[in-house]
Amino acid sequence: MDLLEYQAKALFQEVGIPILPAQRIDRPTDLKSLKIPYPVVLKSQVSVGNRGKVGGVRFVENTIDAIAAAQTMFNLPIFGEVPQVLLAEAKYDVFQEFYLAVLIDYNLCRPVLLGSSQGGMNLEVVIAKIQQVVIQAEFSPFYARRLAIKMGLTGNLLLKVSQIIESMYRLMIDNDLDLVEINPLGVSNEGEVMALDGKVTANDRAIIRHSQLSIIQRTTKTIPRLAATGTGYIGVIASGQGSASVTVNELQRVGGQINQCLVVNNLESAAIAQEIQRLAQISDVLLINCLGALTNKVLLALNSIKLLPALTILRLPCGGIRHQYEGSLPVINTHSLATAISETMLALEAPL
Amino acid sequence: MINFNSDAHILIQGITQPHALESLIEMRSYSMNVLAGISTGAGNQTVQGIEVFDLVEQAIATHQEIDTTIIFDPALAVLDAVFEAIAAGIARIIIATKGVPPLDMIELLRRTCDSSVWVLGSGSAGLIVPNKILLGTLDTTMFTPGKVGIISRSHSLIYEVVELLNNCQIGQSLVVHLGSDPIRGSNSSRWLNVFDDNTEQILLLGDISIDQDLRQAAALIKQPVVSYNPQLQMTITPITDAARLLRVGQGELDLEQPSDPLKIVTTLEQIMQLVK
């Protein structure tokens, strides 16, 4: 789960990462009691990036301007997301911008520190100077200093930036975070540093053991994982990530075009039934590739469905007992993936 | 060096969890020797005739021969369960639980990478030698004995490929599921040298991290190694800035190189051509 900027900054403050004086704005009139001196920056609190390019960041000089701007911003969706909260923040004169991040590298199975002496919204510029340090063993602050040195920092800035990287790392470990990112870290003419924007991603699996993060958790419900999308006519439901990729891969090899592929191994049969019906509405043919423990749930789901608008090819495993669907829906049973694929392609040629 | 044998002496941690019970019944029908279970608070009770203890060390005090544990505890309790098993001297650990937090798994890796302890999972369905050994939750009805060894990142890919092999009368020698979670206690290269002369061909399934270690391990063994990786043409996971920046300089890992000890294939048809 991505935290909003103001939530991320609250965490930064707790671990001593410098942030600007700021105030949370829930409605435009909150700006009447603003305690930060003008000029002020108003920022839409949304979970998507690049908001500056579409009106999600505005500079204001006085209360009248601020309230008018806030009224607009509360009604302005940023890439489809309407902000519930704005952040009013002091303006900061930047001399230099850095990029800093701490995250897990799933290839190396280790945390990694990232830093670039060129921060900001233009990712190509950040990439040109990117440096990384892998935390191989137990963390110790020298890893942070190593990154700062690789970024080319010296003297006072070296000390300050490594201190911030160290705090970011501790924040990640203490809160089970997937990502802590500061972009940009502003550097003033006087060599002061400031986290101007930040991104924190909490780990969905671990969030319940951190009470302060659980409070800000937005409601989530169990949904099927979307493994792939396309513009075709075949809907695919698979029992696992692996069989999803095999199915889509083999379909595409014979020219099959899919519209959605769902992985449903985290769902109960009622939810699976819903997904089958939803996908059948928008597909010409449905291919359900179901292995192992999910067989019974999928059969239960199919048996609960009264009407199915698309022909369904059901592939069940052939080990042990040969299960199959015996109801009245338009379902073709098969036990091999190859047959399921050819039946699907055949059905496309002669739709129901 | 990884070792395991057919007379494994098995402990089940989290034995009162629903999946544990299914696994227990399945392993017993495979004549596996399950000696005890752990469920804190349920000590002195029995589950399906298996004695339950509160602590691993209590189980070990009664059954010194325990050498393998299968963990079904809730995700947030898994790291502790693993440490408890290691402290009690158990060196073969299968974590069946899915969804263990990644930082817990990193902690576990740091603790076990240089030791003789091996860990499968988290999210592992275990391993099987058809008609001989079952450790974990793999569906035994899907396998037939034979000469192809399998190491898989994905649970469902195992069944896809095994079914295809069975249809061509090709059986399996040993099948290992490394685990579905993003960070796992052991990788393909660690398991490659576990196969003996009964295995003529090794298949790696869904392993996207083909690196130098794996190539070296593949070069050192007798059997030919084929890596099958059906990649999705369309990716829907939005890639974050940080994830993009992480890849800068790491390059493409999974491209086959000239004189590669690993053969890399992307379709089921290619597997069958190589295995036949």
# chains A, B, ... in the order shown; residues from 1 in each chain; ligands from 1
$ select_by_dssp --residues "stretch 65-173 of chain A" --states "strand (DSSP E or B)" --output "VMD selection string"
chain A and resid 78 81 86 to 90 96 to 105 110 to 116 130 to 134
$ select_by_dssp --residues "stretch 7-89 of chain B" --states "alpha helix (DSSP H)" --output "short mmCIF file (atom, residue, chain, number, x, y, z; two decimals) with N, CA and C atoms, in the first residue's frame"
data_model
loop_
_atom_site.label_atom_id
_atom_site.label_comp_id
_atom_site.auth_asym_id
_atom_site.auth_seq_id
_atom_site.Cartn_x
_atom_site.Cartn_y
_atom_site.Cartn_z
N PRO B 18 -5.47 -25.60 9.27
CA PRO B 18 -6.23 -26.49 8.36
C PRO B 18 -5.37 -27.21 7.32
N HIS B 19 -4.44 -26.48 6.67
CA HIS B 19 -3.64 -27.12 5.63
C HIS B 19 -2.70 -28.17 6.20
N ALA B 20 -2.33 -28.00 7.47
CA ALA B 20 -1.43 -28.95 8.11
C ALA B 20 -2.08 -30.32 8.20
N LEU B 21 -3.35 -30.30 8.52
CA LEU B 21 -4.08 -31.55 8.68
C LEU B 21 -4.16 -32.31 7.36
N GLU B 22 -4.47 -31.58 6.28
CA GLU B 22 -4.52 -32.20 4.96
C GLU B 22 -3.17 -32.82 4.60
N SER B 23 -2.12 -32.06 4.88
CA SER B 23 -0.77 -32.51 4.55
C SER B 23 -0.40 -33.75 5.37
N LEU B 24 -0.78 -33.73 6.65
CA LEU B 24 -0.50 -34.87 7.53
C LEU B 24 -1.13 -36.14 6.99
N ILE B 25 -2.40 -36.03 6.60
CA ILE B 25 -3.11 -37.21 6.08
C ILE B 25 -2.47 -37.70 4.79
N GLU B 26 -2.12 -36.74 3.93
CA GLU B 26 -1.50 -37.06 2.64
C GLU B 26 -0.13 -37.75 2.85
N MET B 27 0.68 -37.21 3.75
CA MET B 27 2.02 -37.78 3.98
C MET B 27 1.93 -39.17 4.58
N ARG B 28 0.96 -39.36 5.47
CA ARG B 28 0.80 -40.68 6.07
C ARG B 28 0.39 -41.72 5.05
N SER B 29 -0.47 -41.29 4.11
CA SER B 29 -0.89 -42.25 3.10
C SER B 29 0.28 -42.57 2.18
N VAL B 56 9.14 -26.77 20.24
CA VAL B 56 9.89 -27.71 19.42
C VAL B 56 10.85 -28.54 20.29
N GLU B 57 11.51 -27.87 21.24
CA GLU B 57 12.49 -28.62 22.05
C GLU B 57 11.83 -29.73 22.88
N GLN B 58 10.57 -29.54 23.24
CA GLN B 58 9.87 -30.61 23.95
C GLN B 58 9.64 -31.81 23.04
N ALA B 59 9.30 -31.51 21.79
CA ALA B 59 9.09 -32.60 20.83
C ALA B 59 10.39 -33.35 20.60
N ILE B 60 11.49 -32.59 20.52
CA ILE B 60 12.80 -33.20 20.26
C ILE B 60 13.23 -34.05 21.46
N ALA B 61 12.87 -33.61 22.67
CA ALA B 61 13.25 -34.37 23.86
C ALA B 61 12.61 -35.76 23.82
N THR B 62 11.41 -35.84 23.28
CA THR B 62 10.73 -37.13 23.17
C THR B 62 11.14 -37.90 21.92
N VAL B 78 6.08 -17.15 11.23
CA VAL B 78 6.95 -18.12 10.55
C VAL B 78 8.42 -17.95 10.91
N LEU B 79 8.91 -16.69 10.91
CA LEU B 79 10.34 -16.46 11.17
C LEU B 79 10.71 -17.06 12.54
N ASP B 80 9.88 -16.80 13.52
CA ASP B 80 10.11 -17.33 14.85
C ASP B 80 10.09 -18.86 14.84
N ALA B 81 9.16 -19.43 14.10
CA ALA B 81 9.05 -20.89 14.03
C ALA B 81 10.32 -21.49 13.43
N VAL B 82 10.86 -20.82 12.39
CA VAL B 82 12.09 -21.31 11.76
C VAL B 82 13.25 -21.23 12.76
N PHE B 83 13.37 -20.10 13.44
CA PHE B 83 14.46 -19.96 14.41
C PHE B 83 14.35 -20.99 15.51
N GLU B 84 13.12 -21.28 15.90
CA GLU B 84 12.90 -22.28 16.96
C GLU B 84 13.36 -23.66 16.48
N ALA B 85 13.04 -23.96 15.21
CA ALA B 85 13.45 -25.25 14.65
C ALA B 85 14.97 -25.35 14.56
N ILE B 86 15.61 -24.27 14.09
CA ILE B 86 17.07 -24.29 13.95
C ILE B 86 17.72 -24.42 15.32
N ALA B 87 17.19 -23.69 16.31
CA ALA B 87 17.75 -23.75 17.67
C ALA B 87 17.65 -25.17 18.21
#
$ residues_around --residues "A:Thr231" --least-positions-apart "6" --cutoff "10 Å" --atoms "only C-alpha atoms" --output "PyMOL selection string"
chain A and resi 257-260
$ residues_around --residues "stretch 193-209 of chain A" --least-positions-apart "5" --cutoff "8 Å" --atoms "only C-alpha atoms" --output "ChimeraX atom specification"
/A:1-5,8-9,17-20,160-161,175-188,214 /B:76,99-101
$ atom_distance --atom1 "atom CA of A:Gln277" --atom2 "atom CA of A:Leu308"
6.5 Å
$ closest_atom_pairs --of "chain B" --to "chain A" --cutoff "7 Å" --atoms "only C-alpha atoms" --output "JSON lines"
{"residue": "B:Gly99", "atom": "CA", "partner": "A:Arg205", "partner_atom": "CA", "distance": 6.2}
{"residue": "B:Val100", "atom": "CA", "partner": "A:Arg205", "partner_atom": "CA", "distance": 7.0}
{"residue": "B:Pro101", "atom": "CA", "partner": "A:Ala206", "partner_atom": "CA", "distance": 5.5}
{"residue": "B:Leu103", "atom": "CA", "partner": "A:Asp176", "partner_atom": "CA", "distance": 6.6}
{"residue": "B:Ile106", "atom": "CA", "partner": "A:Cys109", "partner_atom": "CA", "distance": 6.3}
{"residue": "B:Arg110", "atom": "CA", "partner": "A:Ala137", "partner_atom": "CA", "distance": 6.9}
{"residue": "B:Asp139", "atom": "CA", "partner": "A:Gly292", "partner_atom": "CA", "distance": 6.7}
{"residue": "B:Thr141", "atom": "CA", "partner": "A:Gly320", "partner_atom": "CA", "distance": 4.9}
{"residue": "B:Met142", "atom": "CA", "partner": "A:Gly319", "partner_atom": "CA", "distance": 4.5}
{"residue": "B:Ser154", "atom": "CA", "partner": "A:Gly242", "partner_atom": "CA", "distance": 5.4}
{"residue": "B:His155", "atom": "CA", "partner": "A:Gly242", "partner_atom": "CA", "distance": 7.0}
{"residue": "B:Ser156", "atom": "CA", "partner": "A:Ser243", "partner_atom": "CA", "distance": 5.3}
{"residue": "B:Leu157", "atom": "CA", "partner": "A:Gly242", "partner_atom": "CA", "distance": 4.8}
{"residue": "B:Glu160", "atom": "CA", "partner": "A:Ser243", "partner_atom": "CA", "distance": 6.8}
{"residue": "B:Pro182", "atom": "CA", "partner": "A:Tyr106", "partner_atom": "CA", "distance": 6.5}
{"residue": "B:Ile183", "atom": "CA", "partner": "A:Cys109", "partner_atom": "CA", "distance": 6.2}
{"residue": "B:Ser209", "atom": "CA", "partner": "A:Asn107", "partner_atom": "CA", "distance": 6.3}
{"residue": "B:Pro230", "atom": "CA", "partner": "A:Val246", "partner_atom": "CA", "distance": 5.5}
{"residue": "B:Gln231", "atom": "CA", "partner": "A:Ser245", "partner_atom": "CA", "distance": 6.2}
{"residue": "B:Leu232", "atom": "CA", "partner": "A:Ser245", "partner_atom": "CA", "distance": 5.5}
{"residue": "B:Met234", "atom": "CA", "partner": "A:Ala228", "partner_atom": "CA", "distance": 5.8}
{"residue": "B:Thr235", "atom": "CA", "partner": "A:Ala228", "partner_atom": "CA", "distance": 6.1}
{"residue": "B:Ile236", "atom": "CA", "partner": "A:Ala228", "partner_atom": "CA", "distance": 6.0}
{"residue": "B:Ala242", "atom": "CA", "partner": "A:Ala101", "partner_atom": "CA", "distance": 6.9}
{"residue": "B:Leu245", "atom": "CA", "partner": "A:Ile127", "partner_atom": "CA", "distance": 6.2}
$ write_last_selection --atoms "N, CA, C and O atoms" --output "short mmCIF file (atom, residue, chain, number, x, y, z; two decimals), in the first residue's frame"
data_model
loop_
_atom_site.label_atom_id
_atom_site.label_comp_id
_atom_site.auth_asym_id
_atom_site.auth_seq_id
_atom_site.Cartn_x
_atom_site.Cartn_y
_atom_site.Cartn_z
N GLY B 99 2.88 -15.88 2.06
CA GLY B 99 2.71 -14.49 2.50
C GLY B 99 3.57 -14.08 3.67
O GLY B 99 3.20 -13.20 4.44
N VAL B 100 4.72 -14.71 3.83
CA VAL B 100 5.65 -14.29 4.88
C VAL B 100 6.26 -12.95 4.46
O VAL B 100 6.68 -12.80 3.30
N PRO B 101 6.31 -11.94 5.36
CA PRO B 101 6.85 -10.63 4.97
C PRO B 101 8.28 -10.75 4.42
O PRO B 101 9.09 -11.49 4.98
N LEU B 103 10.93 -8.92 4.51
CA LEU B 103 12.07 -8.62 5.38
C LEU B 103 12.33 -9.76 6.37
O LEU B 103 13.47 -9.98 6.78
N ILE B 106 14.40 -12.19 4.39
CA ILE B 106 15.79 -11.73 4.25
C ILE B 106 16.57 -12.04 5.52
O ILE B 106 17.71 -12.51 5.48
N ARG B 110 19.87 -14.50 5.81
CA ARG B 110 21.15 -14.11 6.41
C ARG B 110 21.58 -15.14 7.44
O ARG B 110 22.75 -15.44 7.61
N ASP B 139 0.28 -32.57 -4.67
CA ASP B 139 -0.79 -33.51 -4.97
C ASP B 139 -0.18 -34.79 -5.56
O ASP B 139 0.22 -34.83 -6.71
N THR B 141 -1.28 -37.53 -6.60
CA THR B 141 -1.90 -38.25 -7.72
C THR B 141 -1.39 -37.77 -9.07
O THR B 141 -1.63 -38.40 -10.09
N MET B 142 -0.68 -36.64 -9.09
CA MET B 142 -0.24 -36.06 -10.35
C MET B 142 1.10 -36.64 -10.85
O MET B 142 1.49 -36.37 -11.97
N SER B 154 7.21 -22.16 -9.34
CA SER B 154 5.76 -22.02 -9.34
C SER B 154 5.12 -23.37 -9.05
O SER B 154 5.55 -24.40 -9.56
N HIS B 155 4.07 -23.36 -8.23
CA HIS B 155 3.37 -24.58 -7.88
C HIS B 155 2.57 -25.11 -9.07
O HIS B 155 2.68 -26.27 -9.45
N SER B 156 1.78 -24.22 -9.69
CA SER B 156 0.90 -24.69 -10.76
C SER B 156 1.68 -25.12 -12.01
O SER B 156 1.24 -26.00 -12.74
N LEU B 157 2.86 -24.51 -12.24
CA LEU B 157 3.69 -24.93 -13.38
C LEU B 157 4.13 -26.38 -13.25
O LEU B 157 4.26 -27.09 -14.24
N GLU B 160 1.37 -28.50 -14.63
CA GLU B 160 1.27 -28.34 -16.09
C GLU B 160 2.30 -29.23 -16.79
O GLU B 160 1.98 -29.95 -17.72
N PRO B 182 7.91 -14.16 -3.03
CA PRO B 182 9.00 -13.54 -3.82
C PRO B 182 10.41 -13.80 -3.27
O PRO B 182 11.35 -13.81 -4.05
N ILE B 183 10.56 -14.01 -2.00
CA ILE B 183 11.89 -14.33 -1.47
C ILE B 183 11.84 -15.72 -0.84
O ILE B 183 10.99 -16.00 0.00
N SER B 209 15.45 -15.80 -12.38
CA SER B 209 16.74 -15.22 -11.98
C SER B 209 17.89 -16.15 -12.35
O SER B 209 18.54 -16.75 -11.51
N PRO B 230 7.70 -19.48 -19.15
CA PRO B 230 6.67 -18.89 -20.01
C PRO B 230 6.43 -17.45 -19.59
O PRO B 230 5.82 -17.21 -18.57
N GLN B 231 6.96 -16.51 -20.32
CA GLN B 231 6.77 -15.13 -19.88
C GLN B 231 5.52 -14.55 -20.47
O GLN B 231 5.18 -14.81 -21.61
N LEU B 232 4.85 -13.77 -19.67
CA LEU B 232 3.66 -13.10 -20.16
C LEU B 232 4.07 -12.00 -21.12
O LEU B 232 5.00 -11.25 -20.86
N MET B 234 2.23 -9.50 -21.93
CA MET B 234 1.77 -8.21 -21.44
C MET B 234 1.95 -8.14 -19.94
O MET B 234 1.47 -8.99 -19.22
N THR B 235 2.65 -7.15 -19.50
CA THR B 235 2.80 -7.02 -18.07
C THR B 235 1.86 -5.93 -17.58
O THR B 235 1.71 -4.91 -18.23
N ILE B 236 1.20 -6.19 -16.47
CA ILE B 236 0.25 -5.19 -16.00
C ILE B 236 0.71 -4.52 -14.71
O ILE B 236 0.15 -3.54 -14.29
N ALA B 242 11.57 3.57 -8.60
CA ALA B 242 12.67 2.94 -7.87
C ALA B 242 13.01 1.58 -8.48
O ALA B 242 14.18 1.24 -8.61
N LEU B 245 14.99 2.15 -11.56
CA LEU B 245 16.35 2.60 -11.25
C LEU B 245 17.21 1.45 -10.75
O LEU B 245 18.42 1.40 -10.98
#
$ residues_around --residues "B:Thr68" --least-positions-apart "4" --cutoff "10 Å" --atoms "only C-alpha atoms" --output "JSON list (two decimals) with C-alpha atoms, in the first residue's frame"
[["chain", "number", "residue", "atom", "x", "y", "z"],
["B", 4, "PHE", "CA", 17.20, -35.74, 2.47],
["B", 8, "ALA", "CA", 12.74, -38.61, 7.17],
["B", 9, "HIS", "CA", 11.54, -38.06, 10.72],
["B", 10, "ILE", "CA", 8.98, -35.34, 10.43],
["B", 11, "LEU", "CA", 7.70, -32.62, 12.72],
["B", 12, "ILE", "CA", 4.74, -30.43, 11.76],
["B", 34, "VAL", "CA", 5.32, -38.02, 11.01],
["B", 85, "ALA", "CA", 13.45, -25.25, 14.65],
["B", 89, "GLY", "CA", 18.91, -28.63, 15.69],
["B", 90, "ILE", "CA", 16.55, -29.31, 12.77],
["B", 91, "ALA", "CA", 18.35, -28.75, 9.47],
["B", 92, "ARG", "CA", 15.64, -29.47, 6.88],
["B", 93, "ILE", "CA", 12.90, -26.90, 6.87],
["B", 94, "ILE", "CA", 9.91, -26.53, 4.58],
["B", 118, "TRP", "CA", 18.20, -25.89, 4.01],
["B", 135, "LEU", "CA", 7.38, -33.78, 2.26]]
